[in-house]
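Data file: my_file_13.cif. Format and content: mmCIF, C-alpha atoms (C1' of nucleotides).
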```cif
data_my_file
loop_
_atom_site.label_atom_id
_atom_site.label_comp_id
_atom_site.auth_asym_id
_atom_site.auth_seq_id
_atom_site.Cartn_x
_atom_site.Cartn_y
_atom_site.Cartn_z
CA MET A 147 0.00 0.00 0.00
CA PRO A 148 2.57 2.62 0.96
CA LYS A 149 3.20 3.83 -2.54
CA ILE A 150 4.42 7.29 -3.39
CA GLY A 151 2.04 10.05 -4.48
CA MET A 152 -0.80 9.26 -2.10
CA GLU A 153 -1.07 12.84 -0.85
CA PRO A 154 -3.36 14.36 -3.51
CA ILE A 155 -5.56 11.26 -3.46
CA ARG A 156 -5.95 11.33 0.32
CA ARG A 157 -6.49 15.08 0.41
CA LYS A 158 -9.36 14.81 -2.06
CA ALA A 159 -10.85 11.79 -0.31
CA LEU A 160 -10.72 13.66 2.98
CA THR A 161 -12.31 16.90 1.76
CA ASP A 162 -15.00 14.89 -0.04
CA ALA A 163 -15.61 12.91 3.14
CA ALA A 164 -15.76 16.10 5.19
CA ILE A 165 -18.43 17.62 2.94
CA GLU A 166 -20.34 14.36 3.04
CA ALA A 167 -20.14 14.10 6.82
CA ILE A 168 -20.98 17.76 7.42
CA GLY A 169 -23.81 17.59 4.90
CA ALA A 170 -25.23 14.49 6.52
CA ARG A 171 -25.16 15.91 10.02
CA GLY A 172 -25.97 19.44 8.94
CA SER A 173 -23.26 21.07 11.02
CA ILE A 174 -19.47 21.27 11.33
CA ASP A 175 -19.88 19.42 14.57
CA VAL A 176 -18.49 16.16 13.16
CA THR A 177 -15.45 14.33 14.48
CA MET A 178 -12.20 13.88 12.64
CA SER A 179 -12.76 10.23 13.31
CA ASP A 180 -16.05 10.26 11.39
CA ILE A 181 -14.52 12.10 8.46
CA ALA A 182 -11.43 9.90 8.34
CA GLY A 183 -13.58 6.78 8.59
CA ARG A 184 -15.64 7.85 5.57
CA ALA A 185 -12.40 8.44 3.67
CA GLY A 186 -11.16 4.99 4.70
CA VAL A 187 -8.15 6.19 6.67
CA SER A 188 -7.26 6.77 10.31
CA PRO A 189 -7.87 10.10 12.06
CA ALA A 190 -4.12 10.45 12.49
CA LEU A 191 -3.65 10.58 8.74
CA ALA A 192 -6.14 13.41 8.41
CA HIS A 193 -4.09 15.37 10.91
CA HIS A 194 -0.93 14.39 9.10
CA TYR A 195 -2.10 15.95 5.84
CA PHE A 196 -4.15 18.91 7.08
CA GLY A 197 -2.57 19.79 10.40
CA SER A 198 -5.86 20.60 12.08
CA LYS A 199 -9.58 20.20 11.76
CA ASP A 200 -9.96 23.89 10.92
CA GLN A 201 -7.63 23.55 7.98
CA LEU A 202 -9.42 20.46 6.71
CA ILE A 203 -12.71 22.33 6.86
CA ALA A 204 -11.27 25.35 5.08
CA ALA A 205 -9.97 23.05 2.35
CA SER A 206 -13.44 21.53 2.06
CA VAL A 207 -15.05 24.94 1.60
CA ARG A 208 -12.48 25.70 -1.08
CA ALA A 209 -13.36 22.44 -2.82
CA LEU A 210 -17.07 23.27 -2.74
CA LEU A 211 -16.43 26.78 -4.09
CA SER A 212 -14.12 25.50 -6.77
CA ASP A 213 -16.72 22.99 -7.91
CA LEU A 214 -19.41 25.66 -8.08
CA ARG A 215 -17.08 27.95 -9.97
CA GLY A 216 -16.36 25.22 -12.50
CA ASP A 217 -20.03 24.58 -13.10
CA THR A 218 -20.69 28.30 -13.44
CA VAL A 219 -17.91 28.89 -15.94
CA GLN A 220 -19.19 25.96 -17.99
CA ALA A 221 -22.77 27.24 -17.97
CA LEU A 222 -21.78 30.80 -18.83
CA LYS A 223 -19.80 29.57 -21.82
CA ALA A 224 -22.94 28.06 -23.32
CA ALA A 225 -25.09 31.16 -22.79
CA ARG A 226 -25.78 33.24 -25.91
CA SER A 227 -27.18 36.49 -24.52
CA ASN A 228 -27.12 38.68 -21.43
CA ARG A 229 -30.48 37.36 -20.32
CA GLY A 230 -29.22 33.85 -21.00
CA ARG A 231 -26.21 34.43 -18.81
CA VAL A 232 -28.43 35.42 -15.91
CA SER A 233 -30.56 32.30 -16.38
CA ALA A 234 -27.43 30.17 -16.57
CA ILE A 235 -26.26 31.38 -13.17
CA ILE A 236 -29.64 30.63 -11.63
CA ALA A 237 -29.76 27.21 -13.26
CA VAL A 238 -26.38 26.30 -11.81
CA SER A 239 -27.39 27.45 -8.32
CA PHE A 240 -30.33 25.08 -8.44
CA SER A 241 -28.77 22.25 -10.41
CA ASP A 242 -29.21 18.74 -9.06
CA LYS A 243 -25.62 18.69 -7.87
CA GLN A 244 -25.48 22.12 -6.20
CA PHE A 245 -28.98 22.02 -4.77
CA SER A 246 -28.73 18.50 -3.34
CA GLU A 247 -29.74 17.87 0.26
CA ASP A 248 -26.18 17.32 1.46
CA VAL A 249 -24.48 20.15 -0.40
CA VAL A 250 -27.06 22.66 0.79
CA ALA A 251 -26.77 21.46 4.38
CA ALA A 252 -22.99 21.77 4.14
CA TRP A 253 -23.26 25.35 2.85
CA LEU A 254 -25.48 26.31 5.74
CA ALA A 255 -23.10 24.72 8.23
CA PHE A 256 -20.21 26.63 6.69
CA TYR A 257 -22.12 29.90 6.96
CA VAL A 258 -22.44 29.37 10.68
CA ASP A 259 -18.80 28.38 11.02
CA ALA A 260 -17.88 31.62 9.28
CA GLN A 261 -18.92 33.46 12.45
CA ARG A 262 -15.99 31.87 14.22
CA ALA A 263 -13.36 31.18 11.56
CA THR A 264 -12.15 34.21 9.63
CA GLU A 265 -10.77 32.13 6.77
CA ILE A 266 -14.20 30.59 6.15
CA ARG A 267 -15.78 34.03 6.31
CA ARG A 268 -13.31 35.27 3.74
CA LEU A 269 -14.04 32.35 1.40
CA LEU A 270 -17.78 32.79 1.66
CA SER A 271 -17.60 36.49 0.94
CA VAL A 272 -15.62 35.60 -2.17
CA TYR A 273 -18.60 33.48 -3.22
CA ALA A 274 -21.06 36.31 -2.47
CA ARG A 275 -19.03 38.79 -4.49
CA ARG A 276 -18.65 36.39 -7.39
CA LEU A 277 -22.37 35.65 -7.53
CA HIS A 278 -23.10 39.35 -7.44
CA SER A 279 -20.62 40.17 -10.16
CA ASN A 280 -21.85 37.33 -12.39
CA LEU A 281 -25.43 38.53 -12.08
CA MET A 282 -24.37 42.13 -12.71
CA SER A 283 -22.54 41.31 -15.92
CA GLY A 284 -25.77 39.97 -17.40
CA LEU A 285 -28.12 42.53 -15.89
CA THR A 286 -26.24 45.78 -16.39
CA PRO A 287 -26.69 45.87 -20.20
CA LEU A 288 -30.39 45.15 -19.70
CA ALA A 289 -31.24 47.53 -16.92
CA GLY A 290 -28.38 49.97 -16.37
CA ALA A 291 -25.93 49.78 -13.53
CA HIS A 292 -28.17 51.29 -10.88
CA GLU A 293 -31.24 49.16 -11.43
CA ALA A 294 -29.14 46.08 -12.09
CA GLU A 295 -27.59 46.49 -8.67
CA ARG A 296 -31.00 46.42 -7.02
CA ILE A 297 -32.26 43.45 -9.03
CA ALA A 298 -29.07 41.45 -8.43
CA GLU A 299 -29.17 42.15 -4.72
CA GLY A 300 -32.75 40.92 -4.48
CA ALA A 301 -32.09 37.85 -6.60
CA ALA A 302 -28.99 36.90 -4.60
CA ALA A 303 -30.89 37.22 -1.33
CA MET A 304 -33.71 35.13 -2.72
CA ILE A 305 -31.30 32.40 -3.80
CA ASP A 306 -29.71 32.29 -0.35
CA GLY A 307 -33.12 32.20 1.27
CA LEU A 308 -34.24 29.32 -0.92
CA TYR A 309 -31.10 27.45 0.14
CA ILE A 310 -31.96 27.90 3.82
CA ARG A 311 -35.48 26.69 3.20
CA LYS A 312 -34.20 23.70 1.32
CA ALA A 313 -31.95 22.83 4.26
CA LEU A 314 -34.85 23.12 6.66
CA GLY A 315 -37.05 20.93 4.49
CA THR A 316 -39.68 23.63 4.06
CA GLY A 317 -39.53 25.65 0.88
CA PRO A 318 -40.44 24.89 -2.71
CA ALA A 319 -39.12 22.15 -4.96
CA ARG A 320 -36.12 22.69 -7.19
CA HIS A 321 -38.21 23.61 -10.20
CA ASP A 322 -40.34 26.12 -8.32
CA ALA A 323 -37.27 27.69 -6.76
CA VAL A 324 -35.86 28.45 -10.21
CA ALA A 325 -39.25 29.82 -11.28
CA LEU A 326 -39.40 32.18 -8.29
CA VAL A 327 -36.02 33.74 -8.99
CA GLU A 328 -36.58 33.89 -12.75
CA ASP A 329 -39.95 35.49 -12.16
CA HIS A 330 -38.47 38.08 -9.84
CA ILE A 331 -35.91 39.09 -12.41
CA GLU A 332 -38.27 38.97 -15.34
CA THR A 333 -40.91 41.07 -13.59
CA GLN A 334 -38.33 43.62 -12.52
CA LEU A 335 -36.99 43.91 -16.07
CA LEU A 336 -40.52 44.21 -17.48
CA GLU A 337 -41.32 46.98 -15.07
CA ILE A 338 -38.21 48.91 -16.07
CA ARG A 339 -38.94 48.57 -19.76
CA GLY A 340 -42.56 49.56 -19.19
CA ARG A 341 -41.43 52.60 -17.28
CA THR A 342 -39.08 53.85 -19.99
CA VAL A 343 -41.33 53.11 -23.00
CA MET B 61 -31.41 35.31 48.70
CA PRO B 62 -33.19 31.94 48.62
CA LYS B 63 -36.66 33.39 48.44
CA ILE B 64 -39.66 31.64 46.96
CA GLY B 65 -40.74 32.23 43.35
CA MET B 66 -37.30 32.45 41.83
CA GLU B 67 -38.10 29.96 39.09
CA PRO B 68 -39.72 32.21 36.48
CA ILE B 69 -37.06 34.89 37.06
CA ARG B 70 -34.21 32.43 36.60
CA ARG B 71 -35.82 30.78 33.59
CA LYS B 72 -36.14 34.10 31.81
CA ALA B 73 -32.64 35.20 32.78
CA LEU B 74 -31.27 31.91 31.44
CA THR B 75 -33.10 31.95 28.10
CA ASP B 76 -32.12 35.59 27.62
CA ALA B 77 -28.52 34.72 28.44
CA ALA B 78 -28.61 31.77 26.06
CA ILE B 79 -29.79 33.94 23.17
CA GLU B 80 -27.16 36.50 24.05
CA ALA B 81 -24.37 33.92 24.22
CA ILE B 82 -25.44 32.10 21.07
CA GLY B 83 -25.87 35.38 19.23
CA ALA B 84 -22.43 36.57 20.30
CA ARG B 85 -20.68 33.40 19.23
CA GLY B 86 -22.93 32.78 16.25
CA SER B 87 -23.48 29.13 17.01
CA ILE B 88 -25.13 26.86 19.58
CA ASP B 89 -21.62 25.77 20.48
CA VAL B 90 -21.63 27.67 23.77
CA THR B 91 -21.16 26.11 27.18
CA MET B 92 -23.75 25.91 29.90
CA SER B 93 -21.12 27.58 32.00
CA ASP B 94 -21.01 30.59 29.66
CA ILE B 95 -24.79 30.89 29.61
CA ALA B 96 -25.16 30.48 33.36
CA GLY B 97 -22.37 32.98 33.95
CA ARG B 98 -24.16 35.61 31.85
CA ALA B 99 -27.33 34.95 33.83
CA GLY B 100 -25.38 35.33 37.08
CA VAL B 101 -25.95 31.80 38.34
CA SER B 102 -24.05 28.53 38.46
CA PRO B 103 -24.22 25.96 35.63
CA ALA B 104 -25.83 23.55 38.07
CA LEU B 105 -28.82 25.82 38.45
CA ALA B 106 -29.36 25.91 34.71
CA HIS B 107 -29.53 22.13 34.75
CA HIS B 108 -31.80 22.24 37.76
CA TYR B 109 -34.40 24.33 35.96
CA PHE B 110 -34.09 23.04 32.39
CA GLY B 111 -32.86 19.47 32.81
CA SER B 112 -30.55 19.59 29.83
CA LYS B 113 -28.83 21.95 27.44
CA ASP B 114 -31.16 20.88 24.63
CA GLN B 115 -34.20 21.87 26.64
CA LEU B 116 -32.69 25.24 27.53
CA ILE B 117 -32.02 25.89 23.87
CA ALA B 118 -35.53 24.87 22.86
CA ALA B 119 -36.92 27.23 25.49
CA SER B 120 -34.73 30.00 24.07
CA VAL B 121 -36.08 29.44 20.57
CA ARG B 122 -39.59 29.58 21.98
CA ALA B 123 -38.75 32.87 23.67
CA LEU B 124 -37.42 34.33 20.43
CA LEU B 125 -40.50 33.18 18.52
CA SER B 126 -42.82 34.46 21.17
CA ASP B 127 -41.14 37.86 21.09
CA LEU B 128 -41.40 38.04 17.31
CA ARG B 129 -45.04 37.00 17.46
CA GLY B 130 -45.77 39.73 19.99
CA ASP B 131 -44.18 42.39 17.82
CA THR B 132 -46.06 41.10 14.78
CA VAL B 133 -49.44 41.09 16.47
CA GLN B 134 -48.80 44.62 17.67
CA ALA B 135 -47.81 45.85 14.21
CA LEU B 136 -50.73 44.15 12.49
CA LYS B 137 -53.14 45.79 14.90
CA ALA B 138 -52.00 49.23 13.74
CA ALA B 139 -52.23 48.43 10.02
CA ARG B 140 -55.22 49.93 8.21
CA SER B 141 -55.28 48.04 4.89
CA ASN B 142 -54.24 44.78 3.31
CA ARG B 143 -51.22 46.41 1.77
CA GLY B 144 -50.44 47.99 5.12
CA ARG B 145 -50.55 44.61 6.81
CA VAL B 146 -47.95 43.27 4.40
CA SER B 147 -45.71 46.25 5.05
CA ALA B 148 -46.16 45.83 8.78
CA ILE B 149 -44.87 42.26 8.64
CA ILE B 150 -41.82 43.34 6.68
CA ALA B 151 -41.18 46.24 9.02
CA VAL B 152 -41.21 43.91 12.03
CA SER B 153 -38.84 41.46 10.36
CA PHE B 154 -36.34 44.26 9.89
CA SER B 155 -37.01 46.22 13.06
CA ASP B 156 -34.02 47.28 15.13
CA LYS B 157 -34.79 44.62 17.68
CA GLN B 158 -35.42 41.69 15.35
CA PHE B 159 -32.74 42.55 12.83
CA SER B 160 -29.99 43.18 15.38
CA GLU B 161 -26.61 41.53 14.96
CA ASP B 162 -27.10 39.13 17.86
CA VAL B 163 -30.68 38.12 17.18
CA VAL B 164 -29.94 37.40 13.54
CA ALA B 165 -26.87 35.35 14.44
CA ALA B 166 -28.95 33.39 16.96
CA TRP B 167 -31.60 32.64 14.34
CA LEU B 168 -28.99 31.31 11.96
CA ALA B 169 -27.47 29.14 14.69
CA PHE B 170 -30.91 27.75 15.51
CA TYR B 171 -31.52 26.92 11.87
CA VAL B 172 -28.42 24.77 11.86
CA ASP B 173 -29.34 23.15 15.15
CA ALA B 174 -32.70 22.25 13.64
CA GLN B 175 -30.89 19.68 11.50
CA ARG B 176 -30.12 17.73 14.65
CA ALA B 177 -32.90 18.55 17.11
CA THR B 178 -36.42 17.74 15.96
CA GLU B 179 -38.05 20.04 18.49
CA ILE B 180 -36.12 23.02 17.12
CA ARG B 181 -37.05 22.00 13.60
CA ARG B 182 -40.69 21.87 14.60
CA LEU B 183 -40.52 25.33 16.18
CA LEU B 184 -38.84 26.89 13.17
CA SER B 185 -41.35 25.43 10.77
CA VAL B 186 -44.05 27.01 12.93
CA TYR B 187 -42.34 30.33 12.30
CA ALA B 188 -42.14 29.69 8.55
CA ARG B 189 -45.82 28.79 8.37
CA ARG B 190 -46.83 31.79 10.43
CA LEU B 191 -44.84 34.19 8.27
CA HIS B 192 -46.36 32.67 5.17
CA SER B 193 -49.89 32.86 6.50
CA ASN B 194 -49.45 36.45 7.66
CA LEU B 195 -48.21 37.49 4.25
CA MET B 196 -51.01 35.59 2.55
CA SER B 197 -53.73 37.27 4.57
CA GLY B 198 -52.62 40.64 3.22
CA LEU B 199 -51.79 39.54 -0.31
CA THR B 200 -54.71 37.28 -1.18
CA PRO B 201 -57.28 40.10 -1.42
CA LEU B 202 -54.85 42.05 -3.60
CA ALA B 203 -53.69 39.37 -5.99
CA GLY B 204 -55.87 36.29 -5.61
CA ALA B 205 -54.84 33.13 -3.82
CA HIS B 206 -52.70 31.71 -6.58
CA GLU B 207 -50.56 34.76 -7.31
CA ALA B 208 -50.42 35.66 -3.63
CA GLU B 209 -48.88 32.28 -2.94
CA ARG B 210 -46.09 32.94 -5.40
CA ILE B 211 -45.41 36.47 -4.18
CA ALA B 212 -45.41 35.42 -0.52
CA GLU B 213 -43.04 32.54 -1.22
CA GLY B 214 -40.60 34.86 -2.97
CA ALA B 215 -40.83 37.52 -0.27
CA ALA B 216 -40.31 34.99 2.53
CA ALA B 217 -37.25 33.55 0.80
CA MET B 218 -35.87 37.04 0.27
CA ILE B 219 -36.35 37.90 3.95
CA ASP B 220 -34.52 34.73 5.03
CA GLY B 221 -31.74 35.44 2.55
CA LEU B 222 -31.31 38.97 3.86
CA TYR B 223 -31.02 37.53 7.36
CA ILE B 224 -28.20 35.22 6.27
CA ARG B 225 -26.42 38.07 4.61
CA LYS B 226 -26.79 40.20 7.68
CA ALA B 227 -25.24 37.44 9.76
CA LEU B 228 -22.34 37.14 7.37
CA GLY B 229 -21.75 40.89 7.39
CA THR B 230 -22.27 41.21 3.65
CA GLY B 231 -25.68 42.33 2.50
CA PRO B 232 -27.45 45.67 2.51
CA ALA B 233 -28.27 47.90 5.45
CA ARG B 234 -31.52 47.60 7.34
CA HIS B 235 -33.22 50.32 5.32
CA ASP B 236 -32.19 48.88 1.96
CA ALA B 237 -33.28 45.42 3.04
CA VAL B 238 -36.80 46.69 3.64
CA ALA B 239 -36.75 48.50 0.30
CA LEU B 240 -35.74 45.33 -1.56
CA VAL B 241 -38.61 43.27 -0.18
CA GLU B 242 -41.14 46.10 -0.53
CA ASP B 243 -40.02 46.64 -4.09
CA HIS B 244 -40.34 42.97 -4.91
CA ILE B 245 -43.92 42.89 -3.66
CA GLU B 246 -44.88 46.23 -5.18
CA THR B 247 -43.50 45.32 -8.60
CA GLN B 248 -45.22 41.95 -8.53
CA LEU B 249 -48.54 43.57 -7.64
CA LEU B 250 -48.10 46.23 -10.33
CA GLU B 251 -47.44 43.58 -12.93
CA ILE B 252 -50.59 41.68 -11.98
CA ARG B 253 -52.72 44.80 -12.12
CA GLY B 254 -51.19 45.75 -15.46
CA ARG B 255 -51.90 42.31 -16.80
CA THR B 256 -55.56 42.28 -15.85
CA VAL B 257 -56.37 45.84 -16.95
"C1'" DT C 188 -39.20 21.44 60.17
"C1'" DT C 189 -40.29 21.42 55.63
"C1'" DT C 190 -39.37 23.22 51.19
"C1'" DC C 191 -37.14 25.67 47.58
"C1'" DA C 192 -32.78 27.84 45.83
"C1'" DT C 193 -28.24 27.27 45.08
"C1'" DT C 194 -23.62 25.60 44.34
"C1'" DG C 195 -18.86 23.18 44.75
"C1'" DA C 196 -16.98 19.23 43.62
"C1'" DT C 197 -16.88 15.40 40.85
"C1'" DT C 198 -17.66 12.10 37.14
"C1'" DG C 199 -17.72 10.13 32.69
"C1'" DA C 200 -17.51 10.74 28.03
"C1'" DT C 201 -15.85 12.79 23.98
"C1'" DC C 202 -12.32 14.60 20.99
"C1'" DA C 203 -8.52 17.14 18.77
"C1'" DG C 204 -4.05 16.61 18.42
"C1'" DT C 205 0.68 14.09 19.18
"C1'" DC C 206 4.16 10.67 18.69
"C1'" DA C 207 6.81 6.89 18.21
"C1'" DA C 208 6.80 2.78 15.67
"C1'" DT C 209 5.90 -0.05 11.47
"C1'" DC C 210 5.95 -1.12 6.72
"C1'" DA C 211 6.87 -1.17 2.07
"C1'" DA C 212 8.22 1.08 -1.99
"C1'" DA C 213 11.89 3.67 -4.04
"C1'" DA C 214 16.52 5.24 -4.45
"C1'" DC C 215 21.11 4.37 -3.96
"C1'" DT C 216 25.50 1.71 -3.92
"C1'" DA C 217 28.91 -1.57 -4.89
"C1'" DT D 19 21.76 -7.69 -9.58
"C1'" DA D 20 21.69 -8.00 -4.65
"C1'" DG D 21 21.97 -5.65 -0.69
"C1'" DT D 22 21.40 -1.32 1.95
"C1'" DT D 23 19.49 3.02 3.03
"C1'" DT D 24 16.16 6.50 2.69
"C1'" DT D 25 11.65 8.24 2.50
"C1'" DG D 26 6.74 8.68 2.51
"C1'" DA D 27 2.44 6.48 4.20
"C1'" DT D 28 0.10 4.91 7.89
"C1'" DT D 29 -1.68 3.89 12.39
"C1'" DG D 30 -2.37 2.40 17.48
"C1'" DA D 31 -1.94 4.17 21.65
"C1'" DC D 32 -1.88 8.01 24.38
"C1'" DT D 33 -2.60 12.80 26.38
"C1'" DG D 34 -4.78 16.87 27.83
"C1'" DA D 35 -8.56 19.63 27.68
"C1'" DT D 36 -13.33 20.49 27.61
"C1'" DC D 37 -17.99 19.96 29.09
"C1'" DA D 38 -22.65 18.17 30.10
"C1'" DA D 39 -24.65 16.19 33.73
"C1'" DT D 40 -25.01 14.60 38.71
"C1'" DC D 41 -25.30 14.88 43.57
"C1'" DA D 42 -24.76 15.63 48.12
"C1'" DA D 43 -24.46 19.49 51.04
"C1'" DT D 44 -25.72 24.27 52.63
"C1'" DG D 45 -28.65 27.88 53.77
"C1'" DA D 46 -32.43 30.59 54.35
"C1'" DA D 47 -37.15 31.63 53.94
"C1'" DA D 48 -41.85 29.72 54.79
#
```
Written as C-alpha cells, that's how I'd like the structure from this file.
Amino acid sequence: MPKIGMEPIRRKALTDAAIEAIGARGSIDVTMSDIAGRAGVSPALAHHYFGSKDQLIAASVRALLSDLRGDTVQALKAARSNRGRVSAIIAVSFSDKQFSEDVVAAWLAFYVDAQRATEIRRLLSVYARRLHSNLMSGLTPLAGAHEAERIAEGAAAMIDGLYIRKALGTGPARHDAVALVEDHIETQLLEIRGRTV
Amino acid sequence: MPKIGMEPIRRKALTDAAIEAIGARGSIDVTMSDIAGRAGVSPALAHHYFGSKDQLIAASVRALLSDLRGDTVQALKAARSNRGRVSAIIAVSFSDKQFSEDVVAAWLAFYVDAQRATEIRRLLSVYARRLHSNLMSGLTPLAGAHEAERIAEGAAAMIDGLYIRKALGTGPARHDAVALVEDHIETQLLEIRGRTV
DNA sequence: TTTCATTGATTGATCAGTCAATCAAAACTA
DNA sequence: TAGTTTTGATTGACTGATCAATCAATGAAA
C-alpha cells in the first residue's frame, strides 16, 4: 500500500468525506474520526495531511467553491445572450448537484462556522461577491448599472433564502425555486422597460 | 437570597442569556457555563431548571419566537389596509430589535441546530408557516390566492436570505433590506394589475 | 421542620491533536 | 543484480482539555 504520491488522493478523499459528513449531520460538529472513517483512513492521517480540523474544513469549503465555480464557468460559456447568462447562473445554483440535500446542508453549516473562523468568512464572501458580479454582468446591459444592482441584490438574497429553506425541508421544490427567482428578475426587467417606454 | 418564586425569574434570565451567548458566538456551540455565567448563576442551576442543554435551547427558541409573534401582532393591529398589513410584517422582520446583529446570528445558529434537534425544527417550521400565512392574509385580497402564494413565497425567501447576509456581514443595510422586499412585492402587484387591466 | 434555591466538587464521556513505531516502496550503492 | 538506506504512508496508543450532567451538602425563607 505505501506507494508514493498518495497525498493528492488522500487530500481529495478527505475533503469529499468532510463535505459528506458535514452535509449528513448538517453542522461542522463532526469528528475527525467520522470524516477519516468515511475516507477509509485513520484520524491520524487526516491530521498528518491537514494539520488541524480547521484547515481540513477550510480546504473543504475551497473544494465546494471550486466545484461551483467550475459549473458556473461551464454554464456561462454556453449562454448566448445577457439574459441567458443570468438564467445560466440561476440554473447552476439550483442544479441537481449544487442544490442536493447534502451540499445545501454543508453550505449552511459553513455559513455558521464563518462566524468563528475568519478564513471561512473570507471564502464565503468571495462566493457572495462572485455571484453578485456574475449577475451584474448579465443585468447591467439590460437595466443599467443602478437598477441592475438592485435586481441582483434581491435575486442573490432570494437564492440564499431558498437554500436555507431547502436545508430546513420547508420551501419549494427545485423547479419552483428556479421559477421564483426567474420570475423576480423577469418582472423587474418588465417593469423597467414599461417605465421607460 | 433563597426566596420563593425564583423559578420564572431564573428561567427568563437563562433563556435571555442563552440567546445573548449564542448570538455573540454565532453558534449553539456555547457552554452551559457561559450561559449560566451571563445569567449570574451557576451551571448547576441551569440544569436544575431546564434538565438539559437541549431543553434550555428549545426554550430559548420559543422565547425568540414568542417575542417576534408579539411584535407582529402589535404591528398588524396598527395596520389599516391589506397592503399595510404586508408592510407591517416586513417592518417587524427588519425592526431594530429583530434585525440586530445578535438576534440574527442566533436565528442562523438555531436553523443549523434544527438539523439535529427535531423540536427546534418543529418550532422553526411554525415560524415559517406563520410568516407565510401572515403574508397571505394581506396579499390574497390584492392578488388572488394563486398569485399571492407565489409572491409570498418569494418575499419569505428574500427575507430569510437577507437575514443570512446580515449574519455574514455582507448584505445591505436595514433600510435597503426593507426596500428590496417592498419593491419585490410592489413590482409583482403592479405587474398583476397591469396584466388584468 | 419542611421546602425551595443554590452551588462546589466530581464524574464520565468525547475529541482534537501528538508521537513513536511499522511497513513497504523507491533510491542508492557496490 | 543483490543488498542497503532512505523516504513517505500509515496507524495504534496516548494525552490533555473540555464539558454536560449529577449529587450531596448548605442555607435561608416559609
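Coordinates place atom CA of Ala190 of chain A at a distance of 23.4 Å from atom CA of Ile266 of chain A.
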Please provide as an NGL selection string all residues within 12 Å of segment 33-48 of chain D, with the sequence filter that same-chain residues fewer than 6 positions apart are discarded (counting only C-alpha atoms (C1' of nucleotides)).
(:B and (61-65 or 89-94 or 103-108 or 110-114)) or (:C and (188-206))
Could you tell me which residues of chain B sit within 6 Å of chain A when counting only C-alpha atoms, and give me the result as a ChimeraX atom specification?
/B:86,175,217-218,220-222
Just give me the gap between atom CA of Ala294 of chain A and atom CA of Thr200 of chain B in Å, one decimal is fine.
29.2 Å
What gap, in Å, lies between atom CA of Gly183 of chain A and atom CA of Leu202 of chain A?
14.4 Å
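Considering the residues B:Lys226, B:Arg122, B:His192, B:His206 and counting all atoms listed in the file, Asp162 of chain B has its shortest atom-to-atom contact with B:Lys226.
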List the residues selected by the PyMOL selection byres ((chain D and resi 22) around 12) in the file shown, writing them as a VMD selection string.
(chain C and resid 214 to 217) or (chain D and resid 20 to 21 23 to 24)
Find the residues of chain D in contact range of chain A, meaning any atom within 8 Å when counting all atoms listed in the file, and list them as a PyMOL selection string.
chain D and resi 26-29
What does the file look like for those residues with C-alpha atoms (C1' of nucleotides), as a PDB file, in the frame of the given file?
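result.pdb, written as the output of this step:
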```
ATOM      1  C1'  DG D  26       6.740   8.680   2.510  1.00  0.00           C
ATOM      2  C1'  DA D  27       2.440   6.480   4.200  1.00  0.00           C
ATOM      3  C1'  DT D  28       0.100   4.910   7.890  1.00  0.00           C
ATOM      4  C1'  DT D  29      -1.680   3.890  12.390  1.00  0.00           C
TER       5       DT D  29
END
```
Which residues are near Leu210 of chain A? Cut-off 10 Å, all atoms listed in the file, ignore same chain within fewer than 5 positions. Put them as a PDB file with C-alpha atoms, in the frame of the given file.
```
ATOM      1  CA  THR A 161     -12.310  16.900   1.760  1.00  0.00           C
ATOM      2  CA  ASP A 162     -15.000  14.890  -0.040  1.00  0.00           C
ATOM      3  CA  ILE A 165     -18.430  17.620   2.940  1.00  0.00           C
ATOM      4  CA  ALA A 204     -11.270  25.350   5.080  1.00  0.00           C
ATOM      5  CA  ALA A 205      -9.970  23.050   2.350  1.00  0.00           C
ATOM      6  CA  ARG A 215     -17.080  27.950  -9.970  1.00  0.00           C
ATOM      7  CA  GLY A 216     -16.360  25.220 -12.500  1.00  0.00           C
ATOM      8  CA  GLN A 244     -25.480  22.120  -6.200  1.00  0.00           C
ATOM      9  CA  VAL A 249     -24.480  20.150  -0.400  1.00  0.00           C
ATOM     10  CA  ALA A 252     -22.990  21.770   4.140  1.00  0.00           C
ATOM     11  CA  TRP A 253     -23.260  25.350   2.850  1.00  0.00           C
TER      12      TRP A 253
END
```
If the PyMOL selection byres ((chain B and resi 197) around 10) is run on the structure shown, which residues does it catch, given as a PDB file with C-alpha atoms, in the frame of the given file?
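Result file is out12.pdb:
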```
ATOM      1  CA  ASN B 142     -54.240  44.780   3.310  1.00  0.00           C
ATOM      2  CA  ARG B 143     -51.220  46.410   1.770  1.00  0.00           C
ATOM      3  CA  ARG B 145     -50.550  44.610   6.810  1.00  0.00           C
ATOM      4  CA  VAL B 146     -47.950  43.270   4.400  1.00  0.00           C
ATOM      5  CA  HIS B 192     -46.360  32.670   5.170  1.00  0.00           C
ATOM      6  CA  SER B 193     -49.890  32.860   6.500  1.00  0.00           C
ATOM      7  CA  ASN B 194     -49.450  36.450   7.660  1.00  0.00           C
ATOM      8  CA  LEU B 195     -48.210  37.490   4.250  1.00  0.00           C
ATOM      9  CA  MET B 196     -51.010  35.590   2.550  1.00  0.00           C
ATOM     10  CA  GLY B 198     -52.620  40.640   3.220  1.00  0.00           C
ATOM     11  CA  LEU B 199     -51.790  39.540  -0.310  1.00  0.00           C
ATOM     12  CA  THR B 200     -54.710  37.280  -1.180  1.00  0.00           C
ATOM     13  CA  PRO B 201     -57.280  40.100  -1.420  1.00  0.00           C
ATOM     14  CA  LEU B 202     -54.850  42.050  -3.600  1.00  0.00           C
ATOM     15  CA  ALA B 205     -54.840  33.130  -3.820  1.00  0.00           C
ATOM     16  CA  ALA B 208     -50.420  35.660  -3.630  1.00  0.00           C
ATOM     17  CA  ALA B 212     -45.410  35.420  -0.520  1.00  0.00           C
TER      18      ALA B 212
END
```
Assuming the chain letters and numbering stay as they are in my file, what does the PyMOL selection byres ((chain A and resi 185) around 7) actually select? List them as a VMD selection string.
chain A and resid 159 to 160 163 181 to 184 186 to 187
